[in-house]
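See structure below.
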Amino acid sequence: WYVRRSRDRFWSDQVDSSDKQDAYWTLYECLLVTARLIAPFTPFLAELLWQTLAGVFGERAQRSVHLCDYPAKDDSLVDSELSDQMALLREIASLGRSARMDAQLKVRQPLSAMEVVLADGTHKQWLQDHDDLLKQEVNVKQISYVQQADEYIEYQVQPNFPRLGPRLGKLLPGLKKLLSETDGSELLSQLTSQGKVELEVDGETVQLDQEDIQVRLQAKEGWAAAQGDNSVVVLATELTGELVREGLARDLVRLIQDRRKELDCDFTDRIQVAVETEDEELRQAMEQFGDMIQAETLSVGLIPGVLEAVEAVEREINAVPTRIYVARVEVPES
């Protein structure tokens, strides 16, 4: 998570930037401590890490990780509140990706909105202050925090038949019917707060806990949803023409990046790109999101058509064969 979220800092072309240096030194420290932590269990991997990282300092560093003291914890370095906040943000991001997967929406396809229901609103303001991070992780345009998600989801409630059958016997059909008519959201809330619910079935009181009932989240049409321990995340799945075109642009970015790797480009190399396609929608995407494509791929030019004397690769975008031309270019120093 840290490495992924710090990519822009690592790749910054401002070599002397304190932000870039802080990112590198933080990662360096974490890897060195990890080498010491794993040394008793994976001695050869730990030694390889140590020699590769600490070895650059020569005699100023221990000759072997196995000559180092084992790390001692320092509770004063732990920021518990920040850890809780980031854990919640990561849960929301994970649920957003899970909802996408259930709805068969690839991560590169932007979506218009995400609604988040928090079990506890303590960190709501902090989350709102970090909306940009969540928008990038889940690839959505807008995030809202709501009290209830009844407009977007419903809960399907069923008895746990293997567990309740021997206990309730002839009452089980009546319980099944009662649960199908019960407000799943209200039942789940009561289970969460009290740990149990009491229901009247055929004149008898039945007490149920969380293992007796299976509550399943079901998104309403036009939405996808996922539920975690501390939040419920709902995604709008309706795609506008502009969202589809942006998704195509991001698909193109990925393919250009793949081609950069095939050509063994350094991450600072500038390139010229041409795209040959019969897909009018992709052409519109290139025109509308050309600046984004160029910025993401370090392209100095993006044109529809052919680059002479450059080998093309053929890929599919939007189920249409597309030929992509990528060539390194020399950028004069300013």
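A note on labels: chains of the structure tokens are A, B, ... as shown, every chain counts residues from 1, and ligands are counted from 1 in their shown order.
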
How close does each residue of region 218-318 of chain A get to region 100-111 of chain A, giving the shortest atom pair and distance in Å to one decimal for every residue with an atom at most 6 Å away, counting only C-alpha atoms, sorted by chain and residue number, as JSON lines?
{"residue": "A:Leu243", "atom": "CA", "partner": "A:Pro110", "partner_atom": "CA", "distance": 5.9}
{"residue": "A:Gly247", "atom": "CA", "partner": "A:Gln109", "partner_atom": "CA", "distance": 4.3}
{"residue": "A:Arg250", "atom": "CA", "partner": "A:Arg108", "partner_atom": "CA", "distance": 6.0}

Emit the selected residues as an mmCIF file, in the first residue's frame, including N, CA, C and O atoms.
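To be explicit, this is the file written out as result_25.cif:
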data_model
loop_
_atom_site.group_PDB
_atom_site.id
_atom_site.type_symbol
_atom_site.label_atom_id
_atom_site.label_comp_id
_atom_site.auth_asym_id
_atom_site.auth_seq_id
_atom_site.Cartn_x
_atom_site.Cartn_y
_atom_site.Cartn_z
ATOM 1 N N LEU A 243 -17.810 8.615 -19.578
ATOM 2 C CA LEU A 243 -17.128 7.650 -18.718
ATOM 3 C C LEU A 243 -16.558 6.494 -19.535
ATOM 4 O O LEU A 243 -15.443 6.024 -19.287
ATOM 5 N N GLY A 247 -12.661 5.404 -19.942
ATOM 6 C CA GLY A 247 -12.217 4.026 -19.719
ATOM 7 C C GLY A 247 -11.376 3.519 -20.872
ATOM 8 O O GLY A 247 -10.352 2.848 -20.668
ATOM 9 N N ARG A 250 -7.944 4.992 -20.661
ATOM 10 C CA ARG A 250 -7.118 4.329 -19.646
ATOM 11 C C ARG A 250 -6.649 2.959 -20.137
ATOM 12 O O ARG A 250 -5.541 2.511 -19.801
#

Please report as a Markdown table every residue of region 38-142 of chain A lying within 12 Å of region 232-241 of chain A, along with the nearest atom pair and their distance in Å (one decimal), using only C-alpha atoms.
| residue | atom | partner | partner_atom | distance |
| --- | --- | --- | --- | --- |
| A:Leu88 | CA | A:Val232 | CA | 11.3 |
| A:Leu89 | CA | A:Val233 | CA | 11.4 |
| A:Glu91 | CA | A:Val233 | CA | 9.6 |
| A:Ile92 | CA | A:Val233 | CA | 6.6 |
| A:Ala93 | CA | A:Val233 | CA | 8.8 |
| A:Ser94 | CA | A:Val233 | CA | 9.5 |
| A:Leu95 | CA | A:Val233 | CA | 6.2 |
| A:Gly96 | CA | A:Val233 | CA | 6.2 |
| A:Arg97 | CA | A:Leu235 | CA | 9.7 |
| A:Ser98 | CA | A:Val233 | CA | 9.5 |
| A:Ala99 | CA | A:Leu235 | CA | 7.1 |
| A:Arg100 | CA | A:Leu235 | CA | 7.7 |
| A:Met101 | CA | A:Leu235 | CA | 11.2 |
| A:Asp102 | CA | A:Leu235 | CA | 11.0 |
| A:Ala103 | CA | A:Thr237 | CA | 7.8 |
| A:Gln104 | CA | A:Thr237 | CA | 9.8 |
| A:Leu105 | CA | A:Thr237 | CA | 8.1 |
| A:Lys106 | CA | A:Thr237 | CA | 11.2 |
| A:Gln109 | CA | A:Leu239 | CA | 9.0 |
| A:Pro110 | CA | A:Leu239 | CA | 8.5 |
| A:Leu111 | CA | A:Ala236 | CA | 6.6 |
| A:Ser112 | CA | A:Ala236 | CA | 6.4 |
| A:Ala113 | CA | A:Ala236 | CA | 5.4 |
| A:Met114 | CA | A:Leu235 | CA | 4.6 |
| A:Glu115 | CA | A:Val234 | CA | 5.0 |
| A:Val116 | CA | A:Val233 | CA | 4.7 |
| A:Val117 | CA | A:Val232 | CA | 5.0 |
| A:Leu118 | CA | A:Val232 | CA | 6.7 |
| A:Ala119 | CA | A:Val232 | CA | 8.2 |
| A:Asp120 | CA | A:Val232 | CA | 11.3 |
| A:Leu134 | CA | A:Val233 | CA | 11.8 |
| A:Lys135 | CA | A:Leu235 | CA | 11.8 |
| A:Val138 | CA | A:Leu235 | CA | 9.5 |
| A:Asn139 | CA | A:Leu235 | CA | 10.5 |
| A:Val140 | CA | A:Leu235 | CA | 8.5 |
| A:Lys141 | CA | A:Ala236 | CA | 10.4 |
| A:Gln142 | CA | A:Leu235 | CA | 10.1 |

Compile the contact shell of Arg63 (chain A) as a list of chain:residue names: residues with an atom at most 12 Å away, counting only C-alpha atoms, same-chain residues fewer than 2 positions apart removed.
A:Glu47, A:Leu48, A:Trp50, A:Gln51, A:Thr52, A:Leu53, A:Ala54, A:Gly55, A:Val56, A:Phe57, A:Gly58, A:Glu59, A:Arg60, A:Ala61, A:Val65, A:His66, A:Leu67, A:Cys68

Need to verify the contact set: region 72-87 of chain A, 9 Å, only C-alpha atoms, exclusion of same-chain residues closer than 6 positions in sequence. Can you return it as a list in words?
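Result of the neighbour search: His123, Trp126 and Leu127 of chain A.
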
Taking the chain letters and numbering used in this document, name the residues of region 82-118 of chain A that DSSP puts in helix (DSSP H, G or I), as a list in words.
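Selection result, helix (DSSP H, G or I) within region 82-118 of chain A: Leu82, Ser83, Asp84, Gln85, Met86, Ala87, Leu88, Leu89, Arg90, Glu91, Ile92, Ala93, Ser94, Leu95, Gly96, Arg97, Ser98, Ala99, Arg100, Met101 and Asp102 of chain A.
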
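Of the listed residues A:Glu308, A:Ser193, A:Gln272, A:Glu314, the one whose atoms come nearest to Val329 (chain A) is A:Gln272, with distances taken using only C-alpha atoms.
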
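Neighbouring residues of Ala319 (chain A) at 12 Å or closer, counting only C-alpha atoms and skipping chain neighbours under 6 positions away, are Leu248, Asp251, Thr277, Glu278, Asp279, Glu281 and Leu282 of chain A.
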
Take the residues from that selection and write them out as a PDB file, in the first residue's frame, keeping N, CA and C atoms.
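What follows is the written file out_4.pdb:
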ATOM      1  N   LEU A 248     -11.780   3.846 -22.102  1.00  0.00           N
ATOM      2  CA  LEU A 248     -10.996   3.451 -23.275  1.00  0.00           C
ATOM      3  C   LEU A 248      -9.627   4.129 -23.263  1.00  0.00           C
ATOM      4  N   ASP A 251      -7.492   2.269 -20.913  1.00  0.00           N
ATOM      5  CA  ASP A 251      -7.048   1.013 -21.530  1.00  0.00           C
ATOM      6  C   ASP A 251      -5.861   1.274 -22.453  1.00  0.00           C
ATOM      7  N   THR A 277      -6.633   2.874 -35.660  1.00  0.00           N
ATOM      8  CA  THR A 277      -7.840   2.145 -35.270  1.00  0.00           C
ATOM      9  C   THR A 277      -9.019   2.547 -36.141  1.00  0.00           C
ATOM     10  N   GLU A 278      -9.967   1.604 -36.270  1.00  0.00           N
ATOM     11  CA  GLU A 278     -11.222   1.883 -36.973  1.00  0.00           C
ATOM     12  C   GLU A 278     -12.339   2.247 -35.985  1.00  0.00           C
ATOM     13  N   ASP A 279     -12.015   2.227 -34.697  1.00  0.00           N
ATOM     14  CA  ASP A 279     -13.024   2.466 -33.663  1.00  0.00           C
ATOM     15  C   ASP A 279     -13.194   3.975 -33.446  1.00  0.00           C
ATOM     16  N   GLU A 281     -15.105   5.485 -31.391  1.00  0.00           N
ATOM     17  CA  GLU A 281     -15.183   5.826 -29.970  1.00  0.00           C
ATOM     18  C   GLU A 281     -13.787   5.991 -29.374  1.00  0.00           C
ATOM     19  N   LEU A 282     -12.841   5.147 -29.787  1.00  0.00           N
ATOM     20  CA  LEU A 282     -11.468   5.286 -29.302  1.00  0.00           C
ATOM     21  C   LEU A 282     -10.842   6.559 -29.834  1.00  0.00           C
TER      22      LEU A 282
END

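Distance check against Leu302 (chain A) using only C-alpha atoms: of A:Arg315, A:Lys170, A:Lys20, A:Arg283, the minimum falls on A:Arg283.
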
Those in region 90-259 of chain A with strand (DSSP E) from DSSP, as a PyMOL selection string:
chain A and resi 111-118+140-146+153-159+196-201+204-209+213-219+223-227+231-236

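Residue nearest Val201 (chain A), chosen from A:Gln284, A:Leu252, A:Lys177, A:Gln136 and counting only C-alpha atoms: A:Lys177.
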
Find the residues around Val306 (chain A) up to 7 Å (only C-alpha atoms counted), leave out those fewer than 2 positions away in its own chain, and share them as an NGL selection string.
:A and (274-276 or 308 or 325)

Serialized selection, N, CA and C atoms, as a PDB file, in the first residue's frame:
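Generated output (out.pdb):
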ATOM      1  N   ALA A 274       1.611   6.749 -31.798  1.00  0.00           N
ATOM      2  CA  ALA A 274       0.570   6.821 -32.823  1.00  0.00           C
ATOM      3  C   ALA A 274      -0.343   5.622 -32.651  1.00  0.00           C
ATOM      4  N   VAL A 275      -1.623   5.814 -32.924  1.00  0.00           N
ATOM      5  CA  VAL A 275      -2.615   4.748 -32.765  1.00  0.00           C
ATOM      6  C   VAL A 275      -3.445   4.654 -34.036  1.00  0.00           C
ATOM      7  N   GLU A 276      -3.473   3.459 -34.603  1.00  0.00           N
ATOM      8  CA  GLU A 276      -4.223   3.213 -35.832  1.00  0.00           C
ATOM      9  C   GLU A 276      -5.430   2.339 -35.492  1.00  0.00           C
ATOM     10  N   GLU A 308       6.031   6.186 -39.256  1.00  0.00           N
ATOM     11  CA  GLU A 308       6.873   5.540 -40.251  1.00  0.00           C
ATOM     12  C   GLU A 308       8.146   4.984 -39.604  1.00  0.00           C
ATOM     13  N   TYR A 325       1.897   2.333 -32.124  1.00  0.00           N
ATOM     14  CA  TYR A 325       3.282   2.634 -32.470  1.00  0.00           C
ATOM     15  C   TYR A 325       3.897   3.442 -31.327  1.00  0.00           C
TER      16      TYR A 325
END

Selection: 12 Å around Glu200 (chain A), only C-alpha atoms, excl. self and same-chain fewer than 5 positions, as an MDAnalysis selection string
chainID A and resid 171:172 174:175 177:179 182 205:208

Could you tell me how far CA of Arg245 (chain A) sits from CA of Ala149 (chain A), in Å to one decimal place?
29.2 Å

Hey, which bits of region 198-269 of chain A sit within 12 Å of region 12-15 of chain A, and for each residue what's the closest pair of atoms and how far apart in Å (one decimal), counting only C-alpha atoms, rows by chain and increasing number, as CSV?
residue,atom,partner,partner_atom,distance
A:Phe267,CA,A:Asp13,CA,10.1
A:Thr268,CA,A:Asp13,CA,7.9
A:Asp269,CA,A:Asp13,CA,11.3
